[in-house]
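Have a look at start_32.cif; it's mmCIF, C-alpha atoms:
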```cif
data_run
#
loop_
_atom_site.label_atom_id
_atom_site.label_comp_id
_atom_site.auth_asym_id
_atom_site.auth_seq_id
_atom_site.Cartn_x
_atom_site.Cartn_y
_atom_site.Cartn_z
CA MET A 143 -147.02 -50.29 17.65
CA GLN A 144 -149.99 -49.46 19.89
CA ALA A 145 -150.23 -53.08 20.95
CA PHE A 146 -146.50 -53.10 21.58
CA GLN A 147 -146.79 -50.01 23.78
CA ASP A 148 -149.79 -51.40 25.65
CA GLY A 149 -147.78 -54.53 26.38
CA TRP A 150 -145.26 -52.49 28.35
CA LYS A 151 -147.89 -51.68 30.96
CA ASN A 152 -148.10 -55.32 31.95
CA GLN A 153 -144.40 -56.05 31.69
CA PRO A 154 -143.12 -57.02 35.13
CA ALA A 155 -139.95 -55.24 36.23
CA ALA A 156 -138.40 -58.63 37.00
CA THR A 157 -138.43 -59.49 33.29
CA LEU A 158 -136.38 -56.44 32.44
CA ASN A 159 -134.16 -56.83 35.49
CA ALA A 160 -133.28 -60.35 34.41
CA ALA A 161 -132.01 -59.02 31.09
CA LEU A 162 -129.51 -56.65 32.65
CA PRO A 163 -125.86 -57.43 33.41
CA ARG A 164 -125.05 -57.30 37.08
CA ARG A 165 -121.55 -55.83 36.65
CA ILE A 166 -120.10 -53.55 33.99
CA GLY A 167 -116.37 -52.96 33.69
CA LEU A 168 -115.06 -49.46 33.00
CA GLY A 169 -111.36 -50.10 32.49
CA ASP A 170 -108.57 -48.02 33.97
CA ILE A 171 -107.85 -44.32 33.60
CA PRO A 172 -104.09 -43.60 33.51
CA THR A 173 -102.40 -40.82 35.43
CA LEU A 174 -104.27 -37.54 35.60
CA PRO A 175 -102.32 -34.50 36.88
CA LEU A 176 -103.16 -32.90 40.22
CA ALA A 177 -100.16 -30.71 41.10
CA ARG A 178 -97.01 -29.94 39.17
CA SER A 179 -94.49 -29.54 41.97
CA LEU A 180 -94.59 -30.77 45.57
CA ASP A 181 -92.30 -32.03 48.29
CA MET A 182 -92.37 -35.80 48.10
CA PRO A 183 -92.45 -38.21 51.07
CA ALA A 184 -89.34 -40.26 51.82
CA GLN A 185 -90.69 -43.44 50.21
CA ALA A 186 -90.80 -41.70 46.82
CA GLY A 187 -87.02 -41.77 46.57
CA PHE A 188 -86.76 -38.16 45.33
CA ALA A 189 -87.31 -34.78 46.92
CA ARG A 190 -89.59 -33.01 44.46
CA GLY A 191 -92.21 -34.40 42.15
CA SER A 192 -95.48 -33.86 40.33
CA LEU A 193 -98.58 -35.44 41.83
CA GLY A 194 -101.08 -37.43 39.81
CA ILE A 195 -103.92 -39.88 40.35
CA ASP A 196 -104.69 -43.20 38.66
CA LEU A 197 -108.17 -44.73 38.66
CA SER A 198 -108.22 -48.51 38.29
CA GLY A 199 -110.34 -51.61 38.75
CA MET A 200 -113.50 -49.59 38.20
CA GLN A 201 -116.80 -51.33 37.68
CA LEU A 202 -120.49 -50.66 38.01
CA ALA A 203 -122.71 -52.93 40.10
CA LEU A 204 -126.46 -52.96 39.34
CA ALA A 205 -128.82 -53.78 42.15
CA GLY A 206 -130.50 -57.12 41.44
CA GLU A 207 -133.83 -56.20 43.00
CA GLY A 208 -133.35 -52.48 43.40
CA PRO A 209 -135.75 -49.68 42.42
CA PHE A 210 -136.76 -50.01 38.79
CA SER A 211 -139.36 -47.91 37.02
CA VAL A 212 -140.63 -47.65 33.47
CA GLU A 213 -142.22 -44.66 31.79
CA TYR A 214 -143.52 -44.54 28.26
CA SER A 215 -144.75 -42.05 25.68
CA SER A 216 -145.29 -41.71 21.95
CA ASP A 217 -144.75 -39.03 19.32
CA ALA A 218 -146.57 -37.74 16.24
CA GLN A 219 -144.73 -40.16 13.96
CA GLY A 220 -146.12 -43.11 15.85
CA ARG A 221 -142.82 -43.95 17.50
CA CYS A 222 -142.78 -45.13 21.08
CA VAL A 223 -140.25 -44.10 23.69
CA LEU A 224 -139.57 -46.18 26.75
CA ALA A 225 -137.67 -44.63 29.65
CA VAL A 226 -136.21 -47.13 32.10
CA ARG A 227 -135.11 -45.58 35.37
CA LEU A 228 -132.20 -47.27 37.16
CA GLN A 229 -131.12 -46.26 40.64
CA ASP A 230 -128.62 -47.49 43.19
CA VAL A 231 -126.00 -48.25 40.56
CA ALA A 232 -122.78 -48.52 42.54
CA LEU A 233 -119.45 -47.34 41.17
CA GLN A 234 -116.53 -49.12 42.83
CA GLY A 235 -112.83 -48.89 42.15
CA LEU A 236 -109.37 -47.96 43.38
CA HIS A 237 -107.35 -44.78 43.24
CA THR A 238 -103.59 -44.38 43.48
CA LEU A 239 -101.82 -41.11 44.17
CA ASN A 240 -98.41 -41.22 42.55
CA GLY A 241 -95.39 -38.96 42.26
CA THR A 242 -93.17 -38.45 39.24
CA GLN A 243 -89.73 -36.94 39.75
CA ILE A 244 -89.13 -33.40 38.52
CA TRP A 245 -86.02 -31.25 38.50
CA GLU A 246 -86.38 -27.59 39.42
CA THR A 247 -84.15 -24.56 39.33
CA ASP A 248 -84.56 -21.30 41.21
CA LEU A 249 -84.52 -19.07 38.16
CA ASP A 250 -84.70 -15.39 38.99
CA GLY A 251 -87.83 -13.91 37.48
CA ALA A 252 -86.37 -10.62 36.36
CA GLY A 253 -83.37 -12.30 34.81
CA THR A 254 -85.57 -14.36 32.49
CA ALA A 255 -88.83 -12.38 32.28
CA LEU A 256 -90.43 -15.38 33.99
CA PRO A 257 -91.84 -15.33 37.53
CA MET A 258 -89.82 -16.93 40.29
CA GLY A 259 -91.03 -20.51 40.68
CA ALA A 260 -93.15 -20.32 37.55
CA ARG A 261 -93.18 -24.11 37.34
CA ARG A 262 -94.37 -24.55 40.90
CA ARG A 263 -97.90 -24.86 42.14
CA GLY A 264 -99.39 -21.84 43.90
CA GLY A 265 -98.01 -19.95 46.85
CA SER A 266 -96.25 -16.63 47.30
CA GLY A 267 -93.25 -17.92 45.36
CA ASP A 268 -95.18 -17.24 42.15
CA ASP A 269 -94.93 -13.48 42.75
CA ASN A 270 -92.10 -11.84 40.83
CA VAL A 271 -89.50 -10.85 43.40
CA HIS A 272 -87.98 -8.06 41.29
CA PRO A 273 -90.81 -6.10 39.62
CA THR A 274 -88.57 -3.03 39.21
CA TRP A 275 -86.14 -5.05 37.08
CA VAL A 276 -88.95 -6.17 34.81
CA LYS A 277 -90.23 -2.60 34.57
CA THR A 278 -86.77 -1.42 33.55
CA ALA A 279 -86.56 -4.13 30.89
CA ASN A 280 -89.96 -3.12 29.52
CA ASP A 281 -88.90 0.53 29.48
CA GLN A 282 -85.77 -0.36 27.51
CA ARG A 283 -87.86 -2.25 24.97
CA GLY A 284 -89.86 0.89 24.38
CA GLN A 285 -86.72 2.98 23.94
CA LEU A 286 -85.18 0.50 21.53
CA GLN A 287 -88.39 0.44 19.50
CA SER A 288 -88.32 4.24 19.12
CA LEU A 289 -84.56 4.50 18.54
CA PRO A 290 -83.75 6.32 15.23
CA GLY A 291 -82.68 3.90 12.53
CA SER A 292 -83.66 0.28 12.09
CA ASN A 293 -81.27 -1.49 14.48
CA GLY A 294 -83.41 -1.16 17.62
CA PRO A 295 -86.65 -2.43 16.06
CA THR A 296 -84.67 -5.16 14.27
CA LEU A 297 -83.24 -6.40 17.58
CA LEU A 298 -86.71 -6.60 19.12
CA THR A 299 -88.18 -8.28 16.04
CA THR A 300 -85.37 -10.85 16.02
CA TYR A 301 -86.04 -11.68 19.66
CA SER A 302 -89.80 -11.91 19.05
CA ASN A 303 -89.25 -14.25 16.10
CA HIS A 304 -87.38 -16.70 18.34
CA ARG A 305 -89.15 -16.05 21.61
CA ALA A 306 -90.80 -19.48 21.76
CA ALA A 307 -87.43 -21.22 21.41
CA PHE A 308 -85.82 -19.00 24.06
CA ASN A 309 -88.76 -19.57 26.39
CA ASP A 310 -88.34 -23.34 26.04
CA VAL A 311 -84.71 -23.06 27.13
CA PHE A 312 -85.87 -21.54 30.42
CA THR A 313 -88.88 -23.80 30.99
CA ASP A 314 -88.49 -27.15 29.21
CA PRO A 315 -87.31 -29.96 31.53
CA LEU A 316 -84.84 -31.04 28.84
CA ALA A 317 -82.87 -27.81 29.44
CA TYR A 318 -82.48 -28.43 33.17
CA ALA A 319 -78.66 -28.29 32.99
CA PHE A 320 -78.81 -24.81 31.45
CA GLN A 321 -81.40 -23.66 33.99
CA MET A 322 -79.19 -24.79 36.87
CA GLY A 323 -76.32 -22.74 35.46
CA TRP A 324 -78.54 -19.72 35.01
CA GLY A 325 -80.27 -19.91 38.39
CA THR A 326 -77.27 -18.62 40.34
CA PRO A 327 -76.54 -15.53 42.47
CA ALA A 328 -74.05 -14.41 39.80
CA ILE A 329 -76.83 -13.95 37.25
CA SER A 330 -79.02 -12.15 39.78
CA GLY A 331 -76.10 -9.89 40.66
CA MET A 332 -75.56 -9.04 37.00
CA ALA A 333 -79.26 -8.28 36.58
CA ASP A 334 -79.20 -6.01 39.65
CA ASP A 335 -76.16 -4.07 38.46
CA THR A 336 -77.59 -3.78 34.94
CA ASN A 337 -80.79 -2.32 36.37
CA LYS A 338 -78.83 0.20 38.44
CA ALA A 339 -76.68 1.25 35.49
CA LEU A 340 -79.78 1.83 33.37
CA THR A 341 -81.76 3.71 36.02
CA GLN A 342 -79.05 5.39 38.15
CA GLY A 343 -76.08 5.67 35.82
CA GLY A 344 -72.65 4.07 35.83
CA LEU A 345 -71.05 1.28 33.83
CA VAL A 346 -73.20 -1.60 32.64
CA ASN A 347 -70.25 -3.98 32.43
CA ASP A 348 -68.00 -2.65 35.19
CA PRO A 349 -64.71 -4.62 34.89
CA THR A 350 -63.94 -4.14 38.59
CA LYS A 351 -66.94 -6.23 39.70
CA GLN A 352 -66.93 -9.99 40.04
CA TYR A 353 -69.84 -12.36 39.44
CA GLY A 354 -69.19 -15.93 40.45
CA GLY A 355 -65.42 -15.61 40.01
CA THR A 356 -65.54 -13.80 36.66
CA THR A 357 -66.47 -10.42 35.22
CA TYR A 358 -69.69 -9.18 33.68
CA ASN A 359 -68.23 -9.80 30.22
CA GLY A 360 -66.98 -13.24 31.21
CA ASN A 361 -70.36 -14.28 32.51
CA ALA A 362 -72.07 -12.86 29.43
CA GLN A 363 -69.82 -14.87 27.13
CA THR A 364 -70.31 -18.06 29.15
CA GLN A 365 -74.09 -17.68 29.16
CA GLN A 366 -74.19 -17.02 25.42
CA LEU A 367 -72.17 -20.18 24.91
CA ALA A 368 -74.52 -22.08 27.22
CA LEU A 369 -77.52 -20.77 25.30
CA LEU A 370 -76.01 -21.84 21.96
CA THR A 371 -75.18 -25.29 23.32
CA THR A 372 -78.64 -25.80 24.77
CA LEU A 373 -80.52 -24.61 21.69
CA THR A 374 -78.54 -26.92 19.40
CA ALA A 375 -79.00 -29.81 21.84
CA MET A 376 -82.76 -29.26 21.81
CA ALA A 377 -82.71 -29.24 18.02
CA THR A 378 -80.73 -32.50 18.03
CA ASN A 379 -83.13 -34.02 20.54
CA ALA A 380 -86.05 -33.09 18.27
CA ASP A 381 -84.48 -34.86 15.28
CA SER A 382 -81.22 -36.68 15.92
CA ASN A 383 -81.00 -37.73 12.26
CA HIS A 384 -80.86 -34.09 11.14
CA PRO A 385 -79.14 -32.12 13.92
CA THR A 386 -78.27 -29.20 11.60
CA ASP A 387 -81.76 -28.87 10.09
CA ALA A 388 -81.99 -25.18 9.13
CA THR A 389 -85.78 -25.20 9.52
CA ASN A 390 -85.65 -26.26 13.17
CA PRO A 391 -86.71 -23.31 15.37
CA TYR A 392 -84.02 -24.06 17.98
CA ASN A 393 -81.30 -24.04 15.34
CA GLN A 394 -82.68 -20.81 13.94
CA ALA A 395 -82.65 -19.20 17.39
CA ALA A 396 -79.07 -20.40 17.89
CA ALA A 397 -77.97 -18.82 14.60
CA ALA A 398 -79.61 -15.53 15.62
CA THR A 399 -77.88 -15.69 19.02
CA LEU A 400 -74.47 -16.22 17.46
CA THR A 401 -75.11 -13.38 15.00
CA PHE A 402 -75.98 -11.08 17.89
CA GLY A 403 -72.71 -11.95 19.65
CA THR A 404 -70.71 -11.34 16.49
CA SER A 405 -72.42 -7.97 16.03
CA ILE A 406 -71.27 -6.96 19.51
CA THR A 407 -67.65 -7.93 18.96
CA GLN A 408 -67.41 -6.39 15.49
CA ASN A 409 -68.94 -3.09 16.54
CA THR A 410 -66.67 -2.83 19.59
CA ALA A 411 -63.60 -3.91 17.59
CA VAL A 412 -62.78 -6.93 19.74
CA THR A 413 -62.59 -10.66 19.05
CA GLN A 414 -64.31 -11.95 22.19
CA ILE A 415 -67.20 -10.71 24.31
CA THR A 416 -64.84 -10.87 27.29
CA ASP A 417 -62.87 -8.00 25.71
CA VAL A 418 -65.79 -5.58 25.19
CA PRO A 419 -64.74 -2.21 26.71
CA PRO A 420 -66.72 -0.76 29.63
CA GLN A 421 -70.00 0.74 28.46
CA THR A 422 -72.50 3.18 29.92
CA LYS A 423 -76.16 3.11 28.95
CA ASP A 424 -75.59 5.95 26.45
CA CYS A 425 -72.62 4.11 24.91
CA VAL A 426 -74.76 1.01 24.40
CA TYR A 427 -77.50 3.01 22.70
CA ASP A 428 -74.96 4.75 20.46
CA LEU A 429 -73.59 1.35 19.43
CA VAL A 430 -77.07 0.05 18.65
CA GLN A 431 -78.06 3.14 16.70
CA GLY A 432 -74.85 3.62 14.74
CA GLY A 433 -73.57 0.07 14.49
CA SER A 434 -73.55 -2.25 11.49
CA PRO A 435 -75.22 -5.63 12.07
CA ALA A 436 -73.02 -8.63 11.40
CA ALA A 437 -73.78 -10.84 8.43
CA PRO A 438 -76.25 -13.50 9.58
CA HIS A 439 -74.66 -16.75 10.72
CA SER A 440 -75.90 -20.03 9.31
CA VAL A 441 -76.96 -23.04 11.36
CA ASP A 442 -73.83 -24.82 10.10
CA ASP A 443 -71.75 -21.95 11.52
CA VAL A 444 -73.21 -22.57 14.95
CA HIS A 445 -72.63 -26.32 14.93
CA ASN A 446 -69.12 -25.97 13.50
CA PHE A 447 -68.27 -23.37 16.14
CA LEU A 448 -69.52 -25.57 19.00
CA ASN A 449 -67.68 -28.57 17.55
CA GLY A 450 -64.41 -26.65 17.84
CA SER A 451 -63.93 -25.55 14.23
CA PRO A 452 -63.01 -21.88 13.62
CA ILE A 453 -65.55 -19.69 11.85
CA GLY A 454 -64.92 -16.36 10.14
CA GLY A 455 -65.73 -13.91 7.40
CA ARG A 456 -65.63 -10.19 6.65
CA ASP A 457 -67.31 -7.41 8.62
CA ALA A 458 -69.19 -4.43 7.19
CA GLN A 459 -65.90 -2.59 6.64
CA GLY A 460 -64.39 -5.48 4.74
CA ASN A 461 -62.07 -6.57 7.55
CA THR A 462 -61.56 -10.31 7.96
CA TRP A 463 -62.36 -11.88 11.30
CA THR A 464 -62.22 -15.34 12.81
CA ARG A 465 -63.48 -16.88 16.02
CA SER A 466 -63.06 -20.24 17.70
CA LEU A 467 -63.52 -21.78 21.11
CA SER A 468 -60.72 -21.71 23.61
CA GLU A 469 -59.78 -25.00 25.22
CA ASP A 470 -61.68 -24.07 28.39
CA GLU A 471 -64.73 -23.23 26.30
CA ARG A 472 -64.51 -26.57 24.48
CA VAL A 473 -64.51 -28.34 27.85
CA PHE A 474 -67.50 -26.25 28.94
CA VAL A 475 -69.47 -27.11 25.79
CA ARG A 476 -68.68 -30.82 25.97
CA LYS A 477 -69.70 -31.00 29.63
CA LEU A 478 -72.95 -29.13 29.06
CA GLN A 479 -73.78 -31.33 26.06
CA ALA A 480 -73.14 -34.42 28.19
CA ASP A 481 -75.24 -33.04 31.05
CA ILE A 482 -78.16 -32.32 28.72
CA ALA A 483 -77.94 -35.80 27.16
CA GLU A 484 -77.78 -37.41 30.60
CA HIS A 485 -80.85 -35.52 31.75
CA ALA A 486 -82.71 -36.42 28.55
CA ALA A 487 -82.08 -40.09 29.37
CA ARG A 488 -83.20 -39.46 32.95
CA LEU A 489 -86.44 -37.90 31.73
CA ALA A 490 -87.09 -40.79 29.35
CA ALA A 491 -86.64 -43.33 32.15
CA ARG A 492 -88.69 -41.66 34.86
CA LYS A 493 -91.81 -43.48 35.96
CA PRO A 494 -94.58 -42.65 38.43
CA VAL A 495 -94.06 -44.01 41.96
CA ALA A 496 -97.17 -45.11 43.87
CA LEU A 497 -97.42 -43.14 47.13
CA VAL A 498 -100.78 -44.18 48.57
CA LYS A 499 -103.77 -46.26 47.46
CA GLY A 500 -107.41 -46.35 48.47
CA ALA A 501 -110.93 -47.07 47.33
CA LEU A 502 -113.28 -44.82 45.38
CA HIS A 503 -117.02 -45.11 45.12
CA ALA A 504 -120.16 -43.30 44.03
CA SER A 505 -123.90 -43.95 43.92
CA LEU A 506 -125.37 -43.43 40.45
CA ALA A 507 -128.74 -43.20 38.77
CA CYS A 508 -129.68 -42.93 35.11
CA HIS A 509 -132.41 -43.13 32.50
CA VAL A 510 -132.16 -45.53 29.58
CA TYR A 511 -134.22 -44.15 26.70
CA LEU A 512 -135.35 -46.65 24.04
CA GLN A 513 -137.09 -45.47 20.89
CA PHE A 514 -139.09 -48.01 18.88
CA GLY A 515 -140.78 -47.68 15.50
CA ALA A 516 -142.58 -49.82 12.95
CA GLN A 517 -140.40 -51.34 10.26
CA GLY A 518 -140.98 -53.64 7.31
CA ALA A 519 -144.14 -54.48 5.41
CA GLU A 520 -145.83 -55.85 8.51
CA GLY A 521 -144.94 -52.85 10.66
CA ALA A 522 -143.13 -54.93 13.25
CA PRO A 523 -141.70 -52.93 16.16
CA ALA A 524 -137.94 -52.41 16.05
CA LEU A 525 -135.41 -50.42 18.04
CA ILE A 526 -134.56 -47.16 16.28
CA ASP A 527 -132.36 -45.49 18.85
CA GLY A 528 -131.17 -45.89 22.41
CA ARG A 529 -129.25 -43.63 24.77
CA VAL A 530 -128.37 -43.17 28.44
CA GLU A 531 -128.65 -39.99 30.45
CA LEU A 532 -126.58 -40.22 33.62
CA ASP A 533 -127.48 -38.08 36.62
CA GLY A 534 -124.84 -35.98 38.29
CA PHE A 535 -123.02 -37.69 41.14
CA ASP A 536 -120.52 -37.14 43.92
CA LEU A 537 -117.28 -39.08 43.65
CA HIS A 538 -115.81 -40.16 46.98
CA PHE A 539 -112.16 -41.04 47.61
CA GLU A 540 -111.27 -42.89 50.78
CA ASP A 541 -108.44 -40.59 51.85
CA ALA A 542 -107.89 -41.51 55.49
CA ALA A 543 -104.34 -42.71 54.75
CA TRP A 544 -103.27 -39.69 52.71
CA ASN A 545 -101.90 -37.54 55.54
CA ALA A 546 -99.68 -40.28 56.94
CA ALA A 547 -98.41 -41.27 53.49
CA LEU A 548 -97.93 -37.82 51.95
CA GLY A 549 -97.72 -35.36 54.82
CA ASP A 550 -100.43 -32.92 55.82
CA GLY A 551 -99.54 -30.25 53.26
CA PRO A 552 -99.36 -32.42 50.12
CA ALA A 553 -102.43 -34.39 51.25
CA GLN A 554 -104.48 -31.18 51.50
CA ILE A 555 -103.17 -30.01 48.12
CA ALA A 556 -104.35 -33.32 46.62
CA ARG A 557 -107.80 -32.88 48.15
CA ASP A 558 -108.05 -29.29 46.94
CA ALA A 559 -106.90 -30.27 43.45
CA LEU A 560 -109.48 -33.06 43.24
CA SER A 561 -112.25 -30.74 44.39
CA GLU A 562 -111.29 -28.32 41.60
CA ALA A 563 -110.54 -30.92 38.90
CA ARG A 564 -113.84 -30.87 37.07
CA PHE A 565 -112.23 -32.52 34.06
CA ILE A 566 -111.68 -35.72 36.08
CA LYS A 567 -115.33 -35.94 37.03
CA SER A 568 -116.37 -35.01 33.50
CA LEU A 569 -114.10 -37.67 32.02
CA LEU A 570 -115.46 -40.30 34.40
CA HIS A 571 -119.06 -39.19 33.79
CA ASP A 572 -118.68 -39.66 30.03
CA ARG A 573 -116.96 -43.01 30.41
CA ILE A 574 -119.70 -44.32 32.72
CA ALA A 575 -122.48 -43.09 30.44
CA ASP A 576 -120.84 -44.74 27.41
CA ALA A 577 -120.37 -48.02 29.29
CA LEU A 578 -123.98 -48.04 30.48
CA GLU A 579 -125.21 -47.33 26.97
CA ARG A 580 -123.20 -50.19 25.48
CA ALA A 581 -124.24 -52.60 28.22
CA LEU A 582 -127.93 -51.75 28.69
CA VAL A 583 -129.57 -50.51 25.50
CA GLN A 584 -129.51 -53.71 23.45
CA PRO A 585 -130.40 -56.15 26.30
CA LEU A 586 -133.34 -54.03 27.46
CA ALA A 587 -134.64 -53.52 23.92
CA GLN A 588 -134.33 -57.21 23.11
CA ALA A 589 -136.08 -58.20 26.32
CA LEU A 590 -139.03 -55.97 25.43
CA LEU A 591 -139.20 -57.22 21.85
CA ASP A 592 -138.94 -60.89 22.93
CA SER A 593 -141.64 -60.56 25.53
CA GLN A 594 -144.31 -59.38 23.06
CA PRO A 595 -146.87 -61.96 21.89
#
```
Transcribe the structure of this file into structure tokens.
Amino acid sequence: MQAFQDGWKNQPAATLNAALPRRIGLGDIPTLPLARSLDMPAQAGFARGSLGIDLSGMQLALAGEGPFSVEYSSDAQGRCVLAVRLQDVALQGLHTLNGTQIWETDLDGAGTALPMGARRRGGSGDDNVHPTWVKTANDQRGQLQSLPGSNGPTLLTTYSNHRAAFNDVFTDPLAYAFQMGWGTPAISGMADDTNKALTQGGLVNDPTKQYGGTTYNGNAQTQQLALLTTLTAMATNADSNHPTDATNPYNQAAAATLTFGTSITQNTAVTQITDVPPQTKDCVYDLVQGGSPAAPHSVDDVHNFLNGSPIGGRDAQGNTWTRSLSEDERVFVRKLQADIAEHAARLAARKPVALVKGALHASLACHVYLQFGAQGAEGAPALIDGRVELDGFDLHFEDAAWNAALGDGPAQIARDALSEARFIKSLLHDRIADALERALVQPLAQALLDSQP
């Protein structure tokens, strides 16, 4: 091994250089996200989209006669370590900024407990525009939790158990049709009047007020029906072979929603939510505290109800009840189901659209560490281990065409996102180091072993 190490001192750099590949391919890196929601340029073909970047055609070019140095050392076990220093390794490739269509709704933050524009990138639109409404809702949660009896805490626990499913209805792109129906001035108006009734007094569901051509009760019934339809559609989308799967969280949330509606009608002695009498805040709390929860609905109940079949049973007092969709409600459900299915197909078919292309490049340097040891009866030198340590580097994107192709605002957002996207540089760093290791360790080691007398 000592003779092997001494031989390195006389090894001309040209011998090692000749063993190295001149170009090393890196492959392509598919779309990496930069911004979730931006105005798109006209050539995209849609108004709003997410912005991503593809890296393609990437390869490393090693300088044929560039700087090349060799350092060596040994350890207590008699192993020898050779460190080959490579500089002026050029990374070359292409980048493509692309847009993928998204569909947004202007959901009111206080109406959903989500911030206005929660699915948009940055900006003042992320600030909740109705903090007092949210504060009122939080105050009511506290009062329900401390309400004598079990009904208040049970309501909150039921909501918490299905919170993830409800949150998906307001945020998942699949539920876009529901979100469009919710993101209306009528819902904001109802939220405003509810807040005033809870904080200033008056009727919560004042029958003299109109919201989008209907009453508070009418809107509440429509939105409950929309929620049921959307939850069951999401369950069906998750497993179309078992749409009534009772273990599906969306189906379970739908059953809880229908049970809640039935509890309201039974405790106010009406058959439809539209017929609930006017209620003050105190009346609502009295109903919650003294009411009898309805028997839990099954998932089959929900699907049968939405399919137009009547459902029924007996309430806590032993009275029989039945409920079914009106013809207008059947039309509403069928249309919403069709809209959700249409949007699901639209989501499945969407593809990124290339907006602007350009070059990328970087100048790299690395060490290739080769560890040799004696093996076999004759103690012949052999490679034990090899690795590459890549220096840090700056990645440059030729972005001169970005402003004209994207517009000044989106172009600057792309630059800012890339400057912050450490994961992109980290991903590329690891890929380059792996490629260099695969391409350089064995050829360099073999060249050294072959050159020994």
Requested in this report: Identify which of the residues A:Phe535, A:Trp463, A:Phe188, A:Tyr392 lies closest to His304 in chain A, counting only C-alpha atoms when measuring atom-to-atom distances.
Outcome: A:Tyr392
Requested in this report: Carefully work through the PyMOL selection byres ((chain A and resi 171-173) around 6) for this structure and note down the residues it includes, as a list in words.
Outcome: Asp170, Leu174, Gly194, Ile195, Asp196 and Leu197 of chain A
Please produce an output containing C-alpha atoms for each residue in the selection, written as a PDB file, in the frame of the given file.
```pdb
ATOM      1  CA  ASP A 170    -108.570 -48.020  33.970  1.00  0.00           C
ATOM      2  CA  LEU A 174    -104.270 -37.540  35.600  1.00  0.00           C
ATOM      3  CA  GLY A 194    -101.080 -37.430  39.810  1.00  0.00           C
ATOM      4  CA  ILE A 195    -103.920 -39.880  40.350  1.00  0.00           C
ATOM      5  CA  ASP A 196    -104.690 -43.200  38.660  1.00  0.00           C
ATOM      6  CA  LEU A 197    -108.170 -44.730  38.660  1.00  0.00           C
TER       7      LEU A 197
END
```
**Report entry** Selection result of the PyMOL selection byres ((chain A and resi 556-561) around 12) on this file, as a ChimeraX atom specification
**Finding:** /A:174-180,192-195,237-241,263-264,498,536-542,544-545,548-555,562-567
Report task. Return as a list in words the set of residues that the PyMOL selection byres ((chain A and resi 279) around 10) yields on the displayed structure. Result ->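 Selection result, ordered by chain and number: Ala252, Gly253, Ala255, Pro273, Thr274, Trp275, Val276, Lys277, Thr278, Asn280, Asp281, Gln282, Arg283, Gly284, Gln285, Thr336, Asn337 and Leu340 of chain A.
For the set A:Leu286, A:Gly331, A:Arg492, A:Leu512, the residue with the smallest atom-to-atom gap to Lys351 in chain A is A:Gly331, counting only C-alpha atoms.
Computed from the coordinates, the CA of Ser451 in chain A to CA of Gln394 in chain A distance equals 19.3 Å.
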Query - A:Gly515, A:Pro438, A:Gly528, A:Gly344 ranked by distance to Ala397 in chain A, top pick (using only C-alpha atoms) - result: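 Smallest separation from Ala397 in chain A among the options: A:Pro438.
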Query - Gap from CA of Gly199 in chain A to CA of Pro163 in chain A - Å, one decimal - result: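 For CA of Gly199 in chain A relative to CA of Pro163 in chain A, the distance reads 17.4 Å.
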Report summary line: Taken to one decimal, the CA of Trp245 in chain A-CA of Ala490 in chain A distance is 13.3 Å
**Report entry** Point (-123.5, -38.3, 36.2) neighbourhood (12 Å, only C-alpha atoms) written as a ChimeraX atom specification
**Finding:** /A:229,231,233,504-509,530-537,567-576,578
Query - Spatial neighbours of range 369-385 of chain A, 8 Å, only C-alpha atoms, chain gap at least 2 places, as a list in words - result: Ala307, Val311, Leu316, Ala317, Phe320, Gln365, Gln366, Leu367, Asp387, Asn390, Pro391, Tyr392, Asn393, Ala395, Ala396, Thr399, Leu400, Val444, His445, Leu448, Val475, Leu478, Gln479 and Ile482 of chain A
Query raised in the report: In terms of the shortest atom-to-atom distance over only C-alpha atoms, which of A:Gly294, A:Gly403, A:Pro452, A:Pro183 is closest to Tyr427 in chain A?
Result: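 Of A:Gly294, A:Gly403, A:Pro452, A:Pro183, the one nearest Tyr427 in chain A is A:Gly294, counting only C-alpha atoms.
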Report summary line: In terms of only C-alpha atoms, the residue from A:His272, A:Ala480, A:Thr422, A:Gly354 at minimal distance from Gln342 in chain A is A:Thr422
Query raised in the report: When distances are computed from only C-alpha atoms, which of A:Gln513, A:Ile453, A:Ala398, A:Ser440 shows the smallest separation from Thr300 in chain A?
Result: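 Looking at the shortest contact to Thr300 in chain A, the residue is A:Ala398.
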**Report entry** Near-range 404-411 of chain A list (8 Å; all atoms listed in the file; drop same-chain fewer than 2 positions) as a ChimeraX atom specification
**Finding:** /A:400-402,413-415,418-419,429,433-436,457
